[in-house]
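With mmCIF, C-alpha atoms and all ligand atoms inside, this is my_file_4.cif:
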```cif
data_work
#
loop_
_atom_site.label_atom_id
_atom_site.label_comp_id
_atom_site.auth_asym_id
_atom_site.auth_seq_id
_atom_site.Cartn_x
_atom_site.Cartn_y
_atom_site.Cartn_z
CA MET A 1 0.00 0.00 0.00
CA PRO A 2 1.89 3.13 -1.17
CA GLY A 3 2.42 5.70 1.58
CA LYS A 4 2.24 3.08 4.29
CA GLN A 5 5.56 1.42 3.52
CA PRO A 6 8.79 2.18 5.36
CA ASN A 7 11.28 4.42 3.56
CA LEU A 8 14.64 3.12 2.45
CA PHE A 9 17.58 5.47 2.03
CA ALA A 10 20.59 3.57 0.70
CA PHE A 11 24.03 5.14 0.23
CA ASN A 12 27.35 4.07 -1.24
CA ASP A 13 28.98 3.92 2.18
CA VAL A 14 28.70 5.14 5.77
CA SER A 15 30.37 8.47 5.02
CA ALA A 16 27.66 9.19 2.44
CA LEU A 17 24.94 8.02 4.83
CA THR A 18 25.88 10.18 7.81
CA PRO A 19 25.04 13.64 6.34
CA ALA A 20 21.57 12.38 5.39
CA LEU A 21 21.06 10.85 8.83
CA ARG A 22 22.11 14.16 10.36
CA SER A 23 19.53 16.11 8.31
CA TYR A 24 16.85 13.59 9.20
CA ILE A 25 17.63 13.78 12.94
CA ILE A 26 17.66 17.59 12.85
CA SER A 27 14.28 17.67 11.13
CA CYS A 28 12.87 15.29 13.79
CA GLN A 29 14.38 17.51 16.46
CA ASN A 30 12.86 20.64 14.95
CA ALA A 31 9.47 18.95 14.79
CA GLY A 32 9.73 17.92 18.46
CA LEU A 33 10.80 21.39 19.55
CA THR A 34 7.94 22.94 17.63
CA ARG A 35 5.44 20.43 18.98
CA HIS A 36 6.34 20.45 22.68
CA GLY A 37 9.55 22.37 23.26
CA VAL A 38 11.81 19.32 23.72
CA PHE A 39 13.26 16.54 21.59
CA LYS A 40 12.62 13.09 23.09
CA VAL A 41 14.88 10.51 21.50
CA ALA A 42 15.94 6.97 22.40
CA VAL A 43 19.11 5.37 21.06
CA SER A 44 20.18 1.73 20.86
CA GLY A 45 23.68 0.27 21.10
CA GLY A 46 25.70 -1.79 18.64
CA SER A 47 27.42 0.20 15.90
CA LEU A 48 24.84 2.98 16.03
CA PRO A 49 26.48 5.34 18.59
CA LYS A 50 29.63 5.49 16.48
CA THR A 51 27.63 6.25 13.33
CA LEU A 52 25.71 8.92 15.25
CA ALA A 53 28.97 10.52 16.32
CA GLU A 54 30.02 10.69 12.67
CA ALA A 55 26.66 12.17 11.76
CA LEU A 56 26.29 14.68 14.56
CA LEU A 57 29.73 15.83 15.72
CA ALA A 58 31.81 18.33 13.80
CA SER A 59 35.08 16.43 14.37
CA PRO A 60 34.20 12.99 15.77
CA SER A 61 37.77 11.74 15.44
CA LEU A 62 39.26 14.41 17.72
CA LYS A 63 38.83 12.27 20.83
CA LYS A 64 39.65 8.60 20.45
CA THR A 65 37.41 6.00 22.04
CA SER A 66 39.28 3.38 24.01
CA SER A 67 36.90 0.48 23.47
CA ASN A 68 33.39 -0.11 22.21
CA SER A 69 33.09 -3.66 23.51
CA THR A 70 30.73 -3.14 26.40
CA ASN A 71 27.51 -4.63 27.67
CA SER A 72 26.24 -1.19 28.59
CA ASN A 73 24.49 0.73 25.84
CA TYR A 74 24.73 3.85 27.99
CA ALA A 75 28.51 3.46 28.36
CA LEU A 76 28.72 3.04 24.61
CA VAL A 77 26.63 6.11 23.80
CA LYS A 78 28.54 8.08 26.44
CA SER A 79 32.01 7.18 25.17
CA GLU A 80 31.17 7.36 21.47
CA LEU A 81 28.95 10.42 21.46
CA LEU A 82 28.06 12.28 24.66
CA ASP A 83 31.63 12.70 25.92
CA LYS A 84 32.61 14.23 22.60
CA ILE A 85 29.98 16.98 22.59
CA PRO A 86 31.84 20.27 23.14
CA VAL A 87 31.06 21.59 26.66
CA ALA A 88 30.03 24.95 25.22
CA GLN A 89 27.18 23.27 23.34
CA GLY A 90 25.60 21.93 26.55
CA GLN A 91 24.59 18.34 27.23
CA PRO A 92 21.30 16.58 26.60
CA VAL A 93 19.38 15.20 29.58
CA VAL A 94 20.15 11.48 29.47
CA HIS A 95 18.25 8.71 31.28
CA PRO A 96 20.44 5.60 31.62
CA ILE A 97 19.21 2.53 33.51
CA ASP A 98 19.72 2.60 37.29
CA VAL A 99 22.49 0.05 37.91
CA GLU A 100 21.42 -0.21 41.56
CA TYR A 101 18.66 -2.56 40.35
CA LEU A 102 20.76 -4.73 38.03
CA GLU A 103 20.12 -7.87 40.11
CA ASP A 104 16.37 -7.64 39.63
CA THR A 105 15.43 -7.02 36.01
CA GLN A 106 11.70 -6.59 36.76
CA GLU A 107 12.54 -3.88 39.29
CA LEU A 108 15.01 -2.38 36.84
CA ALA A 109 12.29 -2.25 34.19
CA ASP A 110 9.77 -0.79 36.67
CA GLN A 111 12.23 1.88 37.74
CA TYR A 112 12.97 2.78 34.15
CA GLU A 113 9.27 2.91 33.35
CA LYS A 114 8.89 5.35 36.27
CA THR A 115 11.57 7.50 34.67
CA LEU A 116 9.61 7.51 31.44
CA VAL A 117 6.37 8.21 33.29
CA GLY A 118 8.11 11.30 34.73
CA SER A 119 8.80 12.46 31.18
CA PHE A 120 5.61 11.36 29.49
CA ALA A 121 3.01 11.36 32.30
CA LYS A 122 1.45 7.89 31.98
CA GLY A 123 -2.17 8.04 33.02
CA ASP A 124 -5.68 8.10 31.67
CA SER A 125 -4.78 10.30 28.75
CA VAL A 126 -1.32 8.86 28.04
CA LYS A 127 -1.46 5.13 27.37
CA LEU A 128 1.92 5.07 25.64
CA PRO A 129 4.89 7.40 25.58
CA ILE A 130 5.45 8.99 22.20
CA PHE A 131 9.12 9.53 21.47
CA ASP A 132 9.91 12.10 18.80
CA LEU A 133 12.49 9.69 17.39
CA LEU A 134 13.80 6.20 18.04
CA LEU A 135 17.22 5.47 16.57
CA LEU A 136 17.64 1.72 16.28
CA GLY A 137 19.92 -0.99 14.99
CA ALA A 138 18.87 -4.26 13.38
CA GLY A 139 20.50 -7.44 14.61
CA PRO A 140 21.56 -10.24 12.25
CA ASP A 141 18.58 -12.28 13.54
CA GLY A 142 16.12 -9.41 12.91
CA HIS A 143 16.00 -8.24 16.54
CA THR A 144 15.79 -4.63 17.53
CA CYS A 145 16.00 -3.11 21.02
CA SER A 146 15.96 -6.32 23.10
CA LEU A 147 12.95 -7.62 21.17
CA PHE A 148 14.07 -10.98 19.78
CA PRO A 149 12.40 -13.17 17.13
CA GLY A 150 9.71 -15.47 18.51
CA HIS A 151 10.06 -14.18 22.07
CA PRO A 152 6.84 -13.87 24.15
CA LEU A 153 7.88 -10.31 25.00
CA LEU A 154 6.76 -9.35 21.50
CA ARG A 155 3.17 -9.82 22.74
CA GLU A 156 3.51 -7.33 25.61
CA THR A 157 0.79 -4.71 25.37
CA ASP A 158 0.70 -2.92 28.75
CA ALA A 159 4.22 -2.26 29.96
CA TRP A 160 6.33 0.52 28.53
CA VAL A 161 9.54 -1.15 29.67
CA ALA A 162 9.97 -4.89 30.20
CA PRO A 163 12.62 -7.24 31.55
CA ILE A 164 14.09 -10.11 29.57
CA GLU A 165 15.98 -12.88 31.34
CA ASP A 166 16.81 -15.11 28.38
CA SER A 167 18.20 -12.85 25.69
CA PRO A 168 19.81 -15.02 23.00
CA LYS A 169 22.42 -12.29 22.61
CA PRO A 170 24.60 -11.65 25.67
CA PRO A 171 24.07 -10.33 28.23
CA PRO A 172 21.03 -12.60 28.86
CA ARG A 173 19.43 -10.25 31.39
CA ARG A 174 18.30 -6.92 30.00
CA ILE A 175 15.43 -4.48 29.90
CA THR A 176 13.87 -3.07 26.76
CA LEU A 177 11.29 -0.66 25.49
CA THR A 178 8.28 -2.73 24.44
CA LEU A 179 7.06 -3.11 20.87
CA PRO A 180 4.04 -0.77 21.28
CA VAL A 181 6.34 1.97 22.61
CA VAL A 182 8.66 1.48 19.64
CA THR A 183 5.89 1.54 17.05
CA HIS A 184 4.19 4.57 18.64
CA ALA A 185 7.15 6.86 18.14
CA VAL A 186 6.59 9.80 15.82
CA ARG A 187 9.56 8.65 13.73
CA ILE A 188 11.66 5.49 13.82
CA ALA A 189 15.00 5.22 12.05
CA PHE A 190 17.00 2.03 11.61
CA VAL A 191 20.65 2.21 10.68
CA ALA A 192 21.96 -1.01 9.14
CA THR A 193 25.24 -1.19 7.28
CA GLY A 194 27.61 -3.79 5.87
CA ALA A 195 27.21 -6.88 3.70
CA GLY A 196 26.62 -8.92 6.85
CA LYS A 197 23.11 -7.41 7.03
CA LYS A 198 22.06 -8.43 3.50
CA GLU A 199 20.43 -11.77 4.32
CA ILE A 200 18.40 -10.49 7.23
CA MET A 201 17.39 -7.36 5.29
CA LYS A 202 16.05 -9.65 2.58
CA GLU A 203 14.07 -11.62 5.15
CA ILE A 204 12.76 -8.50 6.91
CA PHE A 205 11.59 -6.78 3.72
CA GLU A 206 10.67 -9.67 1.43
CA VAL A 207 9.28 -12.21 3.89
CA GLY A 208 8.58 -10.46 7.19
CA ASN A 209 8.18 -13.68 9.09
CA GLY A 210 7.16 -11.89 12.30
CA LEU A 211 10.71 -10.68 12.79
CA PRO A 212 10.80 -7.80 15.29
CA CYS A 213 12.19 -5.37 12.67
CA ALA A 214 9.45 -6.44 10.24
CA LEU A 215 6.79 -5.92 12.94
CA VAL A 216 8.06 -2.36 13.40
CA ASN A 217 7.91 -1.80 9.63
CA GLU A 218 4.35 -3.13 9.47
CA ALA A 219 3.06 -1.11 12.42
CA ALA A 220 4.90 2.15 11.73
CA GLY A 221 4.70 2.19 7.91
CA ASP A 222 6.08 5.40 6.46
CA ARG A 223 6.93 6.77 9.92
CA CYS A 224 9.78 4.29 9.73
CA SER A 225 12.96 4.95 7.71
CA TRP A 226 15.96 2.74 7.05
CA PHE A 227 19.40 4.24 6.52
CA THR A 228 21.69 1.68 4.93
CA ASP A 229 24.72 1.34 2.73
CA ASN A 230 24.36 -0.41 -0.62
CA ALA A 231 26.18 -3.50 0.68
CA ALA A 232 23.43 -4.14 3.23
CA VAL A 233 20.63 -4.04 0.65
CA ASP A 234 22.32 -5.54 -2.41
CA GLY A 235 19.62 -7.49 -4.29
CA VAL A 236 16.90 -6.79 -1.70
CA GLN A 237 13.50 -5.82 -3.10
CA PHE A 238 11.94 -2.76 -1.49
CA PRO A 239 8.42 -1.48 -1.93
CA ARG A 240 9.51 2.11 -1.41
CA ARG A 241 12.96 3.53 -2.08
CA GLY A 242 13.48 7.21 -1.23
CA PHE A 243 16.12 9.74 -2.10
CA LEU A 244 17.47 12.35 0.27
O1 LIG B 1 21.58 -4.36 22.89
C1 LIG B 1 22.26 -4.85 22.01
O2 LIG B 1 22.70 -5.99 22.02
C2 LIG B 1 22.58 -4.01 20.80
O3 LIG B 1 22.24 -2.69 21.01
C3 LIG B 1 21.86 -4.56 19.58
O4 LIG B 1 20.47 -4.60 19.73
C4 LIG B 1 22.27 -3.87 18.31
O5 LIG B 1 21.60 -2.65 18.13
C5 LIG B 1 21.99 -4.75 17.12
O6 LIG B 1 22.52 -6.02 17.35
C6 LIG B 1 22.60 -4.20 15.86
O7 LIG B 1 23.95 -4.00 16.05
P1 LIG B 1 24.92 -3.49 14.91
O8 LIG B 1 24.40 -2.18 14.44
O9 LIG B 1 26.26 -3.36 15.59
O10 LIG B 1 24.90 -4.52 13.85
#
```

Turn this file's structure into structure tokens for me.
Ligand SMILES: O=C(O)[C@H](O)[C@@H](O)[C@H](O)[C@H](O)COP(=O)(O)O
Amino acid sequence: MPGKQPNLFAFNDVSALTPALRSYIISCQNAGLTRHGVFKVAVSGGSLPKTLAEALLASPSLKKTSSNSTNSNYALVKSELLDKIPVAQGQPVVHPIDVEYLEDTQELADQYEKTLVGSFAKGDSVKLPIFDLLLLGAGPDGHTCSLFPGHPLLRETDAWVAPIEDSPKPPPRRITLTLPVVTHAVRIAFVATGAGKKEIMKEIFEVGNGLPCALVNEAAGDRCSWFTDNAAVDGVQFPRRGFL
């Protein structure tokens, strides 16, 4: 159905992708600021924080990052991106998980949901938080956030944040935004690069198969955009290819 399909923006390589991602993020930010005076954005881990640094910082290579092998998405975003924002430009308000509750993932999820409730005022009128933008990665199995293929967590309808104790990707114990929160965002952008993504991109876009990334595509339609390099989408059929 034209108009309801996700957008695909494919580029020769990551250095060609990042300026377009930057423009897209700035337009989402401007829309958020116009709508409610703030820009509410959530960011996943993996290779994304590094790509965001390339997209958003004037000179991302000025400060070297010691390591990006960490189980903490916050530590990753902090070292790759936040620590490199010039002090004069100010810092965003960031809500990492509260490590005090790491031993109890349900409590950790509840505490994080409370943090979101503080920002989005869950109640009679607000059934779901509406982020201005979710910036996500796509795993080689089609997972996104900590929403894994075939996992019962995909059926969660009430919670905004949920624990997972059996993540197939380490670490096994995590918390995640739930699928309805993801699909309710004003805009959702996936960044997927490299030939290693080709097979799963084919499955997500040509088959669907209930893969978490495909479920986001189906629910969000044209509110969802994919930023890829050509290697990741070589030979993949897309209903809607855009140009930026
Ligand atoms: O929590 C995690 O384990 C990661 O954040 C993960 O969900 C990541 O976003 C995808 O696996 C894609 O990672 P890449 O972009 O590095 O392929």

Ligand LIG 1 (chain B), all listed atoms, 4 Å padding on each side: what axis-aligned box centre and edge lengths in Å to one decimal come out, as lines of an AutoDock Vina configuration file?
```
center_x = 23.4
center_y = -4.1
center_z = 18.4
size_x = 13.8
size_y = 11.8
size_z = 17.0
```

Could you tell me how far atom O2 of ligand LIG 1 (chain B) sits from atom CA of Ala232 of chain A, in Å to one decimal place? 18.9 Å

May I ask you to write as a ChimeraX atom specification all residues lying at most 10 Å from ligand LIG 1 (chain B), with only C-alpha atoms and all ligand atoms counted? /A:43-51,70-74,76,135-148,167-172,174-176,190-194,196-197

Please work out which residues fall within 12 Å of (30.8, 7.3, 7.1), coordinates as given in the file, with all atoms listed in the file counting, and return them as a PyMOL selection string. chain A and resi 11-22+47-48+50-56+60-61+191+193-194+227-229

Could you state the separation of atom CA of Ala88 of chain A and atom CA of Gly32 of chain A in Å, given to one decimal place?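 Computing the Euclidean distance for atom CA of Ala88 of chain A and atom CA of Gly32 of chain A yields 22.5 Å.
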
Could you tell me how far atom CA of His184 of chain A lies from atom CA of Gly37 of chain A, in Å and to one decimal? 19.2 Å

Within 12 Å of (13.1, -11.1, 6.4) (file coordinates; all atoms listed in the file), which protein or nucleic acid residues are there? I'd like them as a ChimeraX atom specification. /A:138-143,149,197-215,217,233,236-238

Contacts of Pro92 of chain A at 12 Å (all atoms listed in the file; same-chain gap of 5+ positions) as a VMD selection string: chain A and resid 38 to 42 78 81 to 83 85 to 87

Complete segment 63-99 of chain A at the level of N, CA and C atoms, written as a PDB file, in the frame of the given file.
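What ended up in result_9.pdb:
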```
ATOM      1  N   LYS A  63      38.580  13.058  19.616  1.00  0.00           N
ATOM      2  CA  LYS A  63      38.830  12.270  20.830  1.00  0.00           C
ATOM      3  C   LYS A  63      38.719  10.805  20.472  1.00  0.00           C
ATOM      4  N   LYS A  64      39.705  10.030  20.770  1.00  0.00           N
ATOM      5  CA  LYS A  64      39.650   8.600  20.450  1.00  0.00           C
ATOM      6  C   LYS A  64      38.852   7.859  21.523  1.00  0.00           C
ATOM      7  N   THR A  65      38.145   6.836  21.093  1.00  0.00           N
ATOM      8  CA  THR A  65      37.410   6.000  22.040  1.00  0.00           C
ATOM      9  C   THR A  65      38.278   4.792  22.365  1.00  0.00           C
ATOM     10  N   SER A  66      38.377   4.466  23.643  1.00  0.00           N
ATOM     11  CA  SER A  66      39.280   3.380  24.010  1.00  0.00           C
ATOM     12  C   SER A  66      38.728   2.025  23.567  1.00  0.00           C
ATOM     13  N   SER A  67      37.459   1.777  23.821  1.00  0.00           N
ATOM     14  CA  SER A  67      36.900   0.480  23.470  1.00  0.00           C
ATOM     15  C   SER A  67      35.403   0.608  23.268  1.00  0.00           C
ATOM     16  N   ASN A  68      34.855  -0.131  22.316  1.00  0.00           N
ATOM     17  CA  ASN A  68      33.390  -0.110  22.210  1.00  0.00           C
ATOM     18  C   ASN A  68      32.804  -1.474  22.529  1.00  0.00           C
ATOM     19  N   SER A  69      33.624  -2.358  23.123  1.00  0.00           N
ATOM     20  CA  SER A  69      33.090  -3.660  23.510  1.00  0.00           C
ATOM     21  C   SER A  69      32.587  -3.562  24.944  1.00  0.00           C
ATOM     22  N   THR A  70      31.304  -3.282  25.075  1.00  0.00           N
ATOM     23  CA  THR A  70      30.730  -3.140  26.400  1.00  0.00           C
ATOM     24  C   THR A  70      29.324  -3.690  26.394  1.00  0.00           C
ATOM     25  N   ASN A  71      28.880  -4.161  27.554  1.00  0.00           N
ATOM     26  CA  ASN A  71      27.510  -4.630  27.670  1.00  0.00           C
ATOM     27  C   ASN A  71      26.555  -3.500  27.996  1.00  0.00           C
ATOM     28  N   SER A  72      27.089  -2.314  28.213  1.00  0.00           N
ATOM     29  CA  SER A  72      26.240  -1.190  28.590  1.00  0.00           C
ATOM     30  C   SER A  72      26.033  -0.265  27.405  1.00  0.00           C
ATOM     31  N   ASN A  73      24.772  -0.183  26.950  1.00  0.00           N
ATOM     32  CA  ASN A  73      24.490   0.730  25.840  1.00  0.00           C
ATOM     33  C   ASN A  73      24.763   2.170  26.252  1.00  0.00           C
ATOM     34  N   TYR A  74      24.480   2.486  27.529  1.00  0.00           N
ATOM     35  CA  TYR A  74      24.730   3.850  27.990  1.00  0.00           C
ATOM     36  C   TYR A  74      26.227   4.169  27.913  1.00  0.00           C
ATOM     37  N   ALA A  75      27.059   3.227  28.397  1.00  0.00           N
ATOM     38  CA  ALA A  75      28.510   3.460  28.360  1.00  0.00           C
ATOM     39  C   ALA A  75      28.975   3.672  26.920  1.00  0.00           C
ATOM     40  N   LEU A  76      28.368   2.923  26.022  1.00  0.00           N
ATOM     41  CA  LEU A  76      28.720   3.040  24.610  1.00  0.00           C
ATOM     42  C   LEU A  76      28.336   4.410  24.050  1.00  0.00           C
ATOM     43  N   VAL A  77      27.097   4.809  24.304  1.00  0.00           N
ATOM     44  CA  VAL A  77      26.630   6.110  23.800  1.00  0.00           C
ATOM     45  C   VAL A  77      27.439   7.234  24.441  1.00  0.00           C
ATOM     46  N   LYS A  78      27.771   7.045  25.728  1.00  0.00           N
ATOM     47  CA  LYS A  78      28.540   8.080  26.440  1.00  0.00           C
ATOM     48  C   LYS A  78      29.931   8.217  25.808  1.00  0.00           C
ATOM     49  N   SER A  79      30.628   7.073  25.652  1.00  0.00           N
ATOM     50  CA  SER A  79      32.010   7.180  25.170  1.00  0.00           C
ATOM     51  C   SER A  79      32.069   7.562  23.694  1.00  0.00           C
ATOM     52  N   GLU A  80      31.119   7.070  22.908  1.00  0.00           N
ATOM     53  CA  GLU A  80      31.170   7.360  21.470  1.00  0.00           C
ATOM     54  C   GLU A  80      30.652   8.744  21.118  1.00  0.00           C
ATOM     55  N   LEU A  81      29.655   9.207  21.895  1.00  0.00           N
ATOM     56  CA  LEU A  81      28.950  10.420  21.460  1.00  0.00           C
ATOM     57  C   LEU A  81      28.923  11.522  22.522  1.00  0.00           C
ATOM     58  N   LEU A  82      28.320  11.212  23.693  1.00  0.00           N
ATOM     59  CA  LEU A  82      28.060  12.280  24.660  1.00  0.00           C
ATOM     60  C   LEU A  82      29.353  12.941  25.139  1.00  0.00           C
ATOM     61  N   ASP A  83      30.382  12.135  25.417  1.00  0.00           N
ATOM     62  CA  ASP A  83      31.630  12.700  25.920  1.00  0.00           C
ATOM     63  C   ASP A  83      32.328  13.576  24.901  1.00  0.00           C
ATOM     64  N   LYS A  84      31.925  13.469  23.652  1.00  0.00           N
ATOM     65  CA  LYS A  84      32.610  14.230  22.600  1.00  0.00           C
ATOM     66  C   LYS A  84      31.861  15.512  22.226  1.00  0.00           C
ATOM     67  N   ILE A  85      30.707  15.741  22.880  1.00  0.00           N
ATOM     68  CA  ILE A  85      29.980  16.980  22.590  1.00  0.00           C
ATOM     69  C   ILE A  85      30.734  18.121  23.271  1.00  0.00           C
ATOM     70  N   PRO A  86      31.115  19.165  22.518  1.00  0.00           N
ATOM     71  CA  PRO A  86      31.840  20.270  23.140  1.00  0.00           C
ATOM     72  C   PRO A  86      31.040  20.853  24.309  1.00  0.00           C
ATOM     73  N   VAL A  87      31.733  21.111  25.443  1.00  0.00           N
ATOM     74  CA  VAL A  87      31.060  21.590  26.660  1.00  0.00           C
ATOM     75  C   VAL A  87      30.206  22.811  26.365  1.00  0.00           C
ATOM     76  N   ALA A  88      30.740  23.695  25.517  1.00  0.00           N
ATOM     77  CA  ALA A  88      30.030  24.950  25.220  1.00  0.00           C
ATOM     78  C   ALA A  88      28.665  24.701  24.597  1.00  0.00           C
ATOM     79  N   GLN A  89      28.476  23.542  23.991  1.00  0.00           N
ATOM     80  CA  GLN A  89      27.180  23.270  23.340  1.00  0.00           C
ATOM     81  C   GLN A  89      26.147  22.716  24.311  1.00  0.00           C
ATOM     82  N   GLY A  90      26.545  22.474  25.567  1.00  0.00           N
ATOM     83  CA  GLY A  90      25.600  21.930  26.550  1.00  0.00           C
ATOM     84  C   GLY A  90      25.414  20.437  26.333  1.00  0.00           C
ATOM     85  N   GLN A  91      24.791  19.797  27.291  1.00  0.00           N
ATOM     86  CA  GLN A  91      24.590  18.340  27.230  1.00  0.00           C
ATOM     87  C   GLN A  91      23.103  18.019  27.222  1.00  0.00           C
ATOM     88  N   PRO A  92      22.704  16.990  26.513  1.00  0.00           N
ATOM     89  CA  PRO A  92      21.300  16.580  26.600  1.00  0.00           C
ATOM     90  C   PRO A  92      21.027  15.959  27.969  1.00  0.00           C
ATOM     91  N   VAL A  93      19.763  15.936  28.368  1.00  0.00           N
ATOM     92  CA  VAL A  93      19.380  15.200  29.580  1.00  0.00           C
ATOM     93  C   VAL A  93      19.302  13.726  29.179  1.00  0.00           C
ATOM     94  N   VAL A  94      20.080  12.884  29.854  1.00  0.00           N
ATOM     95  CA  VAL A  94      20.150  11.480  29.470  1.00  0.00           C
ATOM     96  C   VAL A  94      19.599  10.622  30.598  1.00  0.00           C
ATOM     97  N   HIS A  95      18.825   9.614  30.265  1.00  0.00           N
ATOM     98  CA  HIS A  95      18.250   8.710  31.280  1.00  0.00           C
ATOM     99  C   HIS A  95      18.800   7.310  31.088  1.00  0.00           C
ATOM    100  N   PRO A  96      19.947   6.981  31.680  1.00  0.00           N
ATOM    101  CA  PRO A  96      20.440   5.600  31.620  1.00  0.00           C
ATOM    102  C   PRO A  96      19.663   4.732  32.602  1.00  0.00           C
ATOM    103  N   ILE A  97      19.836   3.399  32.514  1.00  0.00           N
ATOM    104  CA  ILE A  97      19.210   2.530  33.510  1.00  0.00           C
ATOM    105  C   ILE A  97      19.888   2.765  34.860  1.00  0.00           C
ATOM    106  N   ASP A  98      19.177   2.418  35.942  1.00  0.00           N
ATOM    107  CA  ASP A  98      19.720   2.600  37.290  1.00  0.00           C
ATOM    108  C   ASP A  98      20.405   1.294  37.713  1.00  0.00           C
ATOM    109  N   VAL A  99      21.739   1.302  37.678  1.00  0.00           N
ATOM    110  CA  VAL A  99      22.490   0.050  37.910  1.00  0.00           C
ATOM    111  C   VAL A  99      22.292  -0.512  39.315  1.00  0.00           C
TER     112      VAL A  99
END
```
